[in-house]
Amino acid sequence: MLEIGLFYVAATISLISTVLAVTRYNAAHALIYLIISLLASAIIFYVVGAPFAAVLEVLIYAGAIMVLFVFVIMMLNLGSAGDDLEHHWLQPSMWIVPSLFCFVLLIEIIIVLSTGDNMLAGTVVTPKQVGIKLFGPYVIAVEIASMLLLAGLIGAYHLGRRYLSDVREPSAENETND
Amino acid sequence: MNLDVYLLLPLISLSTVILTLMMLIAFCRNLSLTCAFSSIGLMVTLLLICAMAIDIQAAQTASLVDALVTPLIIVDAYALFFSGLMVFSSLCICLLSFNYHRARGEHQDEFYLLLLLATLGGVVLSQAAHFAMFILGLELLGVSIYAMISYPRAGRFSLEAALKYLILSGVSSAIILFGIALLYAAFGTLSFAEMAVLQRENSELDALYILAGSAMLLSGLAFKLSLAPFHMWTPDVYEGAPAPVTTLLATVSKGAIFAVLFRFFLSVDNYQYETILDGLFLLAVASIIFGNLLALTQSSIKRMLAYSSIAHLGYLLVAFIAADSVGGRALAIEASAIFLLAYFLTTIGAFGVVTVMSTEASDHDVDRLDEYEGLFWRRPMLATVFSVMLLSLAGIPLTAGFIGKFYIVVSGVDAELWSLLVIVVIGSGIGIFYYLRTIFAMTKRTMVTSVVHVPQTAGWTLAAVTLLLLVFGIYPTPVIEWVSRMAQAMT
């Protein structure tokens, strides 16, 4: 019963924060809600018996990819105008809702961890099982996934190089102007 | 040799070529070398696939029938046929685009890497027997194509086209994933074979989930196959993409996705749901009617061919629907395989002519109808090749296109799809107008004096494709025999 309650709370938070992420005008605010949505999905994964997927969700999505996003947005807001903007962003109405959501999720994770292994679904998938599957019957999928990454890498490399020669000249001009 | 390794040979050989080519480009950038190496690699893969195809058909009754390699991949005659088609068209694109790329300056080598990766995606798709492999193949194909569409350094149209394709293709992938999730909720497995067993035993499956999942899967794939009413992106992307990439989009991308969709429907037997059949029927009618009507007014060859490819996919759906009756299933598989073969040959040839025409124009592709006026007087051979391709698209006898369309009609008659056949006939009638209009434009005597230089590599490839097209149109018996045995084995 408790697990079902935990699931519904996490699912509601995930839904609300996703809708908020889509409807925010400001990219930084949208990102905060997106991170909360990912954390909530991680809790759902944990509750239904997939702790490994939950950890990956936090590490890869909420961690690595989101940090990249934040970096990009920070780089776009250089200068003193950015500081004013940051003051403007940090009004209580902006951070109270996300913090509230995070707090609820924190309570949930504490409850889950303190009750032990009473997961919603009976079977718990461990990292070892995932690994054995990935390098056993699914090994071809892993290989093809690496080819997929290679395709993305080559494509990004080529598209990025398109602007190399264009960008160098204007930046040199800027330096002389300064 | 280990049977699994033997069956995986096409994938292994393609991957080896890709990795070696990457190293080759890293150490020695030389377009001729890159193109030659990828052509040889593709040729070796094609020969391997042909040898395996003959081998597997000979051993069809024996133990080789169990062609499942791990739960993910199935290498049967059907998979080999479509893999062969993918590799063949990629080989043609490789040879046709060599001069096109050489005229466009430095840094063209990665194009061949991406082409090979897209081919690998197509081969994976045609061998997929599991939704994990299906999605991986789809994305491998998609990601390579995004980069290839935006490949040219000059010109904004290609960037615009790439962005349009990226967004629409991304959305349709999301829809497909959602559909797969619903199917997983209904079946509890992602493997086609296990789904088929569950479906046959009818062990209290939730039909609502299956219907919703199949509908989402179908509409997502209809985006990628550019079936009306999901076709909006097609003309813009075809026009904006460089001509060799357009060829790839119209052949490998569509053929591979059709192959896997057909395999899914055949093995899981989704035909038992009336609603899905009605949806397919509407897709087919809309594609044939809209494709042909919208092609009428186009003044750009690429846009015209884009709409004509929408109509052709509509014809192909007739065979797809005809597989509904268990008795006519073998004929329907045979019809769609033959039709796709003819469509591939013709499309490669038609876009090949556009590629050759655009070789010298560095910043855009030559695709306006008035640029083709009087081509018969300037370049009689090239104009003849293009005319043969257009006649084949129109389905005139002695060309491959006729054999393909004939098979579609036969399978439709066999399944008694009379209303669809009427639409096919009307569509083909409209089609003849705009194909002939292009041919007439080429015979016009005009003041255009610009000389079109036909480069050797591309010229010989075009000649070979035309020859194949005519041979297949006049004496198709060997291919038909092989394909009909493949279709018998499938059912």
# chains A, B, ... in the order shown; residues from 1 in each chain; ligands from 1
>>> residues_around(residues="Phe45 (chain A)", least_positions_apart="5", cutoff="10 Å", atoms="only C-alpha atoms", output="PyMOL selection string")
chain A and resi 7+39-40+50-55+57+120
>>> select_by_dssp(residues="region 6-171 of chain A", states="alpha helix (DSSP H)", output="JSON, numbers by chain")
{"A": [6, 7, 8, 9, 10, 11, 12, 13, 14, 15, 16, 17, 18, 19, 20, 21, 22, 23, 27, 28, 29, 30, 31, 32, 33, 34, 35, 36, 37, 38, 39, 40, 41, 42, 43, 44, 45, 46, 47, 51, 52, 53, 54, 55, 56, 66, 67, 68, 69, 70, 71, 72, 73, 74, 75, 76, 80, 81, 82, 83, 84, 85, 86, 87, 88, 89, 92, 93, 94, 95, 96, 97, 98, 99, 100, 101, 102, 103, 104, 105, 106, 107, 108, 109, 110, 111, 112, 113, 114, 115, 127, 128, 129, 130, 131, 132, 133, 134, 139, 140, 141, 142, 143, 144, 145, 146, 147, 148, 149, 150, 151, 152, 153, 154, 155, 156, 157, 158, 159, 160, 161, 164, 165, 166, 167, 168, 169, 170, 171]}
>>> interface_residues(of="chain B", to="chain A", cutoff="7 Å", atoms="only C-alpha atoms", output="CSV table (one decimal) with C-alpha atoms, in the first residue's frame")
chain,number,residue,atom,x,y,z
B,70,THR,CA,20.5,-14.2,-30.6
B,71,PRO,CA,16.9,-13.0,-29.9
B,114,LEU,CA,28.0,8.4,-43.0
B,117,LEU,CA,26.7,3.9,-41.4
B,133,MET,CA,17.2,-3.8,-32.8
B,136,LEU,CA,18.7,1.0,-32.9
B,140,LEU,CA,21.4,4.7,-36.9
B,143,VAL,CA,21.2,10.1,-37.3
B,144,SER,CA,23.4,9.4,-40.4
B,147,ALA,CA,24.2,14.7,-40.9
B,153,ARG,CA,29.0,23.7,-46.7
>>> residues_around(residues="region 102-106 of chain A", least_positions_apart="6", cutoff="10 Å", atoms="only C-alpha atoms", output="list of chain:residue names")
A:Leu6, A:Val9, A:Ala10, A:Ile13, A:Ile35, A:Ile36, A:Ser37, A:Leu39, A:Ala40, A:Ala42, A:Ile43, A:Ile96, A:Val112
>>> write_last_selection(atoms="C-alpha atoms", output="JSON list (two decimals), in the first residue's frame")
[["chain", "number", "residue", "atom", "x", "y", "z"],
["A", 6, "LEU", "CA", 4.88, 6.57, -3.07],
["A", 9, "VAL", "CA", 3.15, 11.00, -5.32],
["A", 10, "ALA", "CA", 6.27, 10.65, -7.47],
["A", 13, "ILE", "CA", 5.35, 15.42, -9.20],
["A", 35, "ILE", "CA", 15.70, 18.01, -13.51],
["A", 36, "ILE", "CA", 12.94, 17.53, -10.92],
["A", 37, "SER", "CA", 10.93, 15.54, -13.43],
["A", 39, "LEU", "CA", 14.50, 12.83, -10.31],
["A", 40, "ALA", "CA", 10.85, 11.89, -9.86],
["A", 42, "ALA", "CA", 14.20, 7.92, -10.89],
["A", 43, "ILE", "CA", 12.13, 7.47, -7.71],
["A", 96, "ILE", "CA", 9.82, 27.70, -3.73],
["A", 112, "VAL", "CA", 11.99, 3.83, 0.57]]
